[in-house]
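Peer 1: Hey, dropping coords-v6.txt in here, compact mmCIF, C-alpha atoms:
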# COMPACT_ATOMS: atom_id res chain seq x y z
CA MET C 1 40.05 -4.49 40.62
CA ILE C 2 42.92 -3.88 43.05
CA ASN C 3 42.00 -1.49 45.85
CA GLU C 4 44.82 1.05 45.61
CA LYS C 5 44.01 2.77 48.93
CA TYR C 6 46.12 0.18 50.79
CA PHE C 7 49.20 1.65 49.14
CA ASP C 8 48.52 5.01 50.80
CA ASN C 9 48.65 3.64 54.35
CA PHE C 10 50.22 0.27 55.04
CA PRO C 11 47.60 -2.12 56.46
CA GLN C 12 48.32 -3.54 59.88
CA LEU C 13 46.56 -6.87 60.44
CA GLN C 14 45.49 -8.20 63.83
CA THR C 15 44.57 -11.75 64.84
CA GLU C 16 43.87 -13.32 68.21
CA ARG C 17 47.56 -13.94 68.95
CA LEU C 18 49.39 -11.93 66.29
CA CYS C 19 50.01 -8.44 65.00
CA LEU C 20 51.21 -8.17 61.40
CA ARG C 21 52.85 -4.80 60.85
CA LYS C 22 54.94 -3.13 58.17
CA GLN C 23 58.50 -4.40 57.91
CA GLU C 24 60.96 -1.61 58.78
CA LEU C 25 64.73 -1.13 58.86
CA LYS C 26 64.64 -1.54 62.64
CA ASP C 27 63.74 -5.21 62.00
CA ALA C 28 67.06 -5.95 60.29
CA ALA C 29 68.70 -7.71 63.25
CA HIS C 30 65.70 -10.02 63.73
CA LEU C 31 65.45 -10.67 59.99
CA GLN C 32 69.15 -11.47 59.86
CA GLN C 33 68.74 -13.92 62.73
CA LEU C 34 65.84 -15.58 60.89
CA ARG C 35 67.44 -15.70 57.45
CA SER C 36 70.86 -16.78 58.67
CA ASN C 37 69.32 -19.88 60.26
CA GLU C 38 70.17 -22.85 58.03
CA GLN C 39 67.13 -24.76 59.27
CA VAL C 40 64.81 -21.93 58.19
CA MET C 41 66.59 -21.46 54.86
CA THR C 42 66.81 -25.14 53.88
CA TYR C 43 64.13 -24.82 51.19
CA MET C 44 64.26 -21.08 50.55
CA ASP C 45 66.72 -21.44 47.66
CA SER C 46 68.23 -18.06 48.41
CA ASP C 47 71.39 -16.91 50.14
CA LEU C 48 71.73 -16.73 53.92
CA HIS C 49 71.80 -13.26 55.47
CA LEU C 50 75.25 -13.50 57.01
CA ASP C 51 75.27 -9.89 58.24
CA VAL C 52 72.78 -7.19 59.18
CA ARG C 53 73.66 -5.11 56.11
CA THR C 54 72.27 -7.88 53.88
CA SER C 55 69.02 -7.80 55.84
CA GLU C 56 68.89 -3.99 55.69
CA ALA C 57 69.28 -4.13 51.89
CA PHE C 58 66.55 -6.80 51.72
CA ILE C 59 64.19 -4.62 53.78
CA ALA C 60 65.02 -1.57 51.64
CA ARG C 61 64.02 -3.55 48.51
CA ASN C 62 60.79 -4.62 50.23
CA LEU C 63 59.96 -1.03 51.20
CA ALA C 64 60.66 0.08 47.61
CA SER C 65 58.34 -2.67 46.38
CA TYR C 66 55.56 -1.26 48.53
CA GLU C 67 56.26 2.27 47.25
CA LYS C 68 56.01 0.89 43.69
CA LYS C 69 52.67 -0.68 44.71
CA SER C 70 53.81 -4.22 43.94
CA GLY C 71 54.02 -5.86 47.35
CA PHE C 72 53.24 -5.94 51.07
CA PHE C 73 55.86 -7.19 53.55
CA TRP C 74 54.64 -7.79 57.07
CA VAL C 75 56.55 -8.68 60.22
CA ILE C 76 54.72 -11.26 62.31
CA THR C 77 54.82 -10.31 65.99
CA ALA C 78 53.18 -11.61 69.15
CA ALA C 79 50.12 -9.44 69.82
CA GLY C 80 50.81 -8.86 73.50
CA THR C 81 54.57 -8.43 73.52
CA GLY C 82 55.56 -7.38 70.00
CA HIS C 83 58.05 -10.29 69.98
CA TYR C 84 59.36 -10.99 66.45
CA LEU C 85 58.16 -14.37 65.11
CA GLY C 86 58.79 -14.13 61.37
CA ASP C 87 57.48 -12.50 58.21
CA ILE C 88 54.85 -12.93 55.52
CA ILE C 89 54.44 -11.28 52.13
CA LEU C 90 52.06 -10.65 49.29
CA ARG C 91 54.17 -9.69 46.32
CA LYS C 92 54.24 -9.62 42.53
CA ILE C 93 50.80 -8.02 42.52
CA ASP C 94 49.39 -8.56 39.05
CA ARG C 95 46.66 -5.96 38.56
CA THR C 96 45.55 -7.32 35.18
CA ASN C 97 44.77 -10.75 36.63
CA ALA C 98 44.13 -9.74 40.27
CA ARG C 99 46.74 -12.23 41.43
CA ALA C 100 49.63 -12.10 43.91
CA GLU C 101 52.20 -14.46 45.41
CA ILE C 102 52.39 -15.30 49.11
CA GLY C 103 55.61 -16.15 50.92
CA TYR C 104 56.47 -16.71 54.57
CA THR C 105 59.18 -17.57 57.11
CA LEU C 106 58.96 -18.29 60.83
CA MET C 107 61.48 -18.66 63.63
CA PRO C 108 61.93 -22.41 64.35
CA GLU C 109 60.95 -22.08 68.01
CA PHE C 110 57.44 -21.17 66.82
CA TRP C 111 57.02 -23.99 64.29
CA GLY C 112 54.06 -26.27 64.95
CA GLY C 113 52.16 -23.74 67.05
CA GLY C 114 49.67 -22.69 64.37
CA TYR C 115 51.16 -19.20 64.08
CA MET C 116 51.80 -19.33 60.35
CA LYS C 117 48.33 -20.67 59.64
CA GLU C 118 46.91 -17.79 61.68
CA ALA C 119 49.08 -15.23 59.88
CA MET C 120 48.27 -16.71 56.46
CA ARG C 121 44.55 -16.64 57.18
CA ALA C 122 44.80 -12.91 57.98
CA VAL C 123 46.87 -12.11 54.88
CA ILE C 124 44.72 -14.21 52.55
CA ASN C 125 41.55 -12.66 53.97
CA PHE C 126 43.05 -9.19 53.45
CA GLY C 127 44.09 -10.09 49.90
CA PHE C 128 40.67 -11.31 48.87
CA LYS C 129 38.32 -9.16 50.95
CA ASN C 130 40.16 -5.84 51.05
CA LEU C 131 42.79 -5.72 48.31
CA GLY C 132 40.55 -7.28 45.66
CA LEU C 133 42.61 -10.28 44.59
CA HIS C 134 41.01 -13.11 42.63
CA SER C 135 43.80 -15.63 43.30
CA ILE C 136 46.93 -16.09 45.38
CA GLU C 137 49.82 -18.35 44.43
CA ALA C 138 52.66 -19.94 46.36
CA ASN C 139 55.91 -21.16 44.86
CA ILE C 140 57.73 -23.83 46.90
CA ASN C 141 60.67 -26.18 46.71
CA PRO C 142 59.10 -29.64 46.12
CA ALA C 143 61.11 -31.09 49.04
CA ASN C 144 59.42 -28.68 51.49
CA THR C 145 56.69 -31.01 52.73
CA THR C 146 55.82 -28.78 55.71
CA SER C 147 55.05 -25.83 53.46
CA ARG C 148 53.06 -28.04 51.08
CA GLU C 149 50.98 -29.42 53.96
CA LEU C 150 50.28 -25.90 55.22
CA LEU C 151 49.19 -24.72 51.79
CA LEU C 152 46.88 -27.72 51.37
CA LYS C 153 45.35 -27.08 54.82
CA MET C 154 44.67 -23.50 53.74
CA GLY C 155 42.83 -24.74 50.63
CA PHE C 156 45.55 -24.20 48.04
CA VAL C 157 45.57 -26.54 45.02
CA LYS C 158 48.66 -27.68 43.14
CA GLU C 159 48.71 -25.96 39.75
CA ALA C 160 52.06 -26.96 38.33
CA TYR C 161 55.32 -28.77 38.78
CA PHE C 162 58.17 -27.14 36.90
CA ARG C 163 61.25 -29.23 36.27
CA GLU C 164 64.59 -27.46 36.69
CA ASN C 165 63.12 -24.02 36.05
CA TYR C 166 65.06 -22.21 38.81
CA PHE C 167 68.84 -21.79 38.84
CA TYR C 168 70.37 -21.40 42.29
CA ASN C 169 73.76 -22.18 43.79
CA GLY C 170 75.16 -23.71 40.63
CA LYS C 171 72.29 -26.04 39.78
CA PHE C 172 68.80 -26.10 38.33
CA LEU C 173 66.01 -26.81 40.81
CA ASP C 174 62.39 -27.88 40.46
CA THR C 175 59.48 -25.82 41.79
CA GLU C 176 55.84 -26.45 42.64
CA ILE C 177 53.16 -23.82 42.21
CA TYR C 178 50.02 -23.81 44.35
CA SER C 179 47.07 -21.44 44.10
CA LEU C 180 43.98 -20.45 46.00
CA LEU C 181 40.96 -18.82 44.37
CA LYS C 182 38.85 -16.33 46.27
CA LYS C 183 35.75 -18.47 45.77
CA ASP C 184 37.52 -21.47 47.34
CA PHE C 185 38.83 -19.68 50.43
CA ILE C 186 36.92 -20.64 53.53
CA GLN C 187 37.54 -18.36 56.49
CA GLN C 188 38.48 -20.90 59.16
Could the structure of this file be written out as structure tokens, please?
Peer 2:
Amino acid sequence: MINEKYFDNFPQLQTERLCLRKQELKDAAHLQQLRSNEQVMTYMDSDLHLDVRTSEAFIARNLASYEKKSGFFWVITAAGTGHYLGDIILRKIDRTNARAEIGYTLMPEFWGGGYMKEAMRAVINFGFKNLGLHSIEANINPANTTSRELLLKMGFVKEAYFRENYFYNGKFLDTEIYSLLKKDFIQQ
């Protein structure tokens, strides 16, 4: 079901205001700036990128994931200027069930401008229309109301609430799982 041709040449996605391109090592400084921001990382439940080397290692893992045909990691840039806004991913591609997980981060100065909704629409459309996914899931920290609201606006439905299923920073945390089926996605 999964269209494997997209693992031969990384798909660049274009929207009215955005260009989503392959994440590369040259993006490490921007990624480090994004993932060292405590405001951005509040609900990420992962360590801050305190130096560029951490971001370079993160990007190298993402590139390896693409080479293993298990994930796509895009940088979100402004279409006209190429200015770095954030990132968005489709990962954990499950070929048996035609399912993947979406994740995203955005620089705070661009919050509330509809950029992530625009980027998500492009990635979801690619996942369903081109890649051949049947469903896309999102895993969030239950306290992240902004992410929940975005997912609901995009048509995602809450599938599960897992109590203390994720161990991070010395404690067990809860998670919420949302999903979107291809048949329920309305191109907005």
Peer 1: Could you work out how far atom CA of C:Ala100 lies from atom CA of C:Lys153, giving the answer in Å with one decimal?
Peer 2: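 The value is 19.0 Å.
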Peer 1: Please, what distance in Å, to one decimal, runs between atom CA of C:Gly103 and atom CA of C:Asn165?
Peer 2: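 Computing it gives 18.4 Å between the two atoms.
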Peer 1: Near C:Lys182, counting all atoms listed in the file, which residues have an atom at most 7 Å away, once you skip same-chain residues fewer than 6 positions from it, shown as a list in words?
Peer 2: Phe128, His134 and Ser135 of chain C
Peer 1: Would you mind listing what lies within 9 Å of stretch 81-91 of chain C as number ranges by chain, with all atoms listed in the file counted and same-chain residues fewer than 2 positions away left out?
Peer 2: C: 18-20, 23, 27, 30-31, 34, 65-66, 70-79, 93-94, 100-110, 115-116, 119-120, 123-124, 127, 136
Peer 1: Could you check which of C:Gly132, C:Glu118, C:Glu137, C:Ala160 is closest to C:Leu13, using only C-alpha atoms?
Peer 2: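 The answer is C:Glu118, which sits nearest to C:Leu13.
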Peer 1: Give me the stretch 63-180 of chain C side of the contact with stretch 1-11 of chain C, cut-off 7 Å, one line per residue showing its nearest atom pair and distance in Å at one decimal, counting all atoms listed in the file, sorted by chain and residue number, as a tab-separated table.
Peer 2:
residue	atom	partner	partner_atom	distance
C:Lys69	CA	C:Phe7	CA	6.1
C:Arg95	CA	C:Ile2	CA	6.2
C:Ala98	CA	C:Ile2	CA	6.6
C:Leu131	CA	C:Asn3	CA	5.0
C:Gly132	CA	C:Ile2	CA	4.9
C:Leu133	CA	C:Ile2	CA	6.6
Peer 1: Taking only C-alpha atoms into account, which of C:Leu152, C:Ser179, C:Pro142, C:Asn62 comes nearest C:Glu164?
Peer 2: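 Smallest distance to C:Glu164 is found for C:Pro142.
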Peer 1: Determine the nearest neighbour of C:Asp51 from the options C:Ala29, C:Ala122, C:Leu63, C:Leu151, counting only C-alpha atoms.
Peer 2: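 Smallest separation from C:Asp51 among the options: C:Ala29.
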Peer 1: Stretch 45-50 of chain C: which residues within 12 Å, counting all atoms listed in the file, same-chain residues fewer than 3 positions away excluded, as a PyMOL selection string?
Peer 2: chain C and resi 28-42+53-59+139-144+166-175
Peer 1: Neighbourhood query: residues within 6 Å of (53.0, -23.1, 41.5), file coordinates, counting only C-alpha atoms; return as a list in words.
Peer 2: Ala138, Asn139, Glu159, Ala160, Glu176, Ile177 and Tyr178 of chain C
Peer 1: Could you tell me how far atom CA of C:Tyr43 lies from atom CA of C:Arg148, in Å and to one decimal?
Peer 2: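 Here the two named atoms are 11.5 Å from each other.
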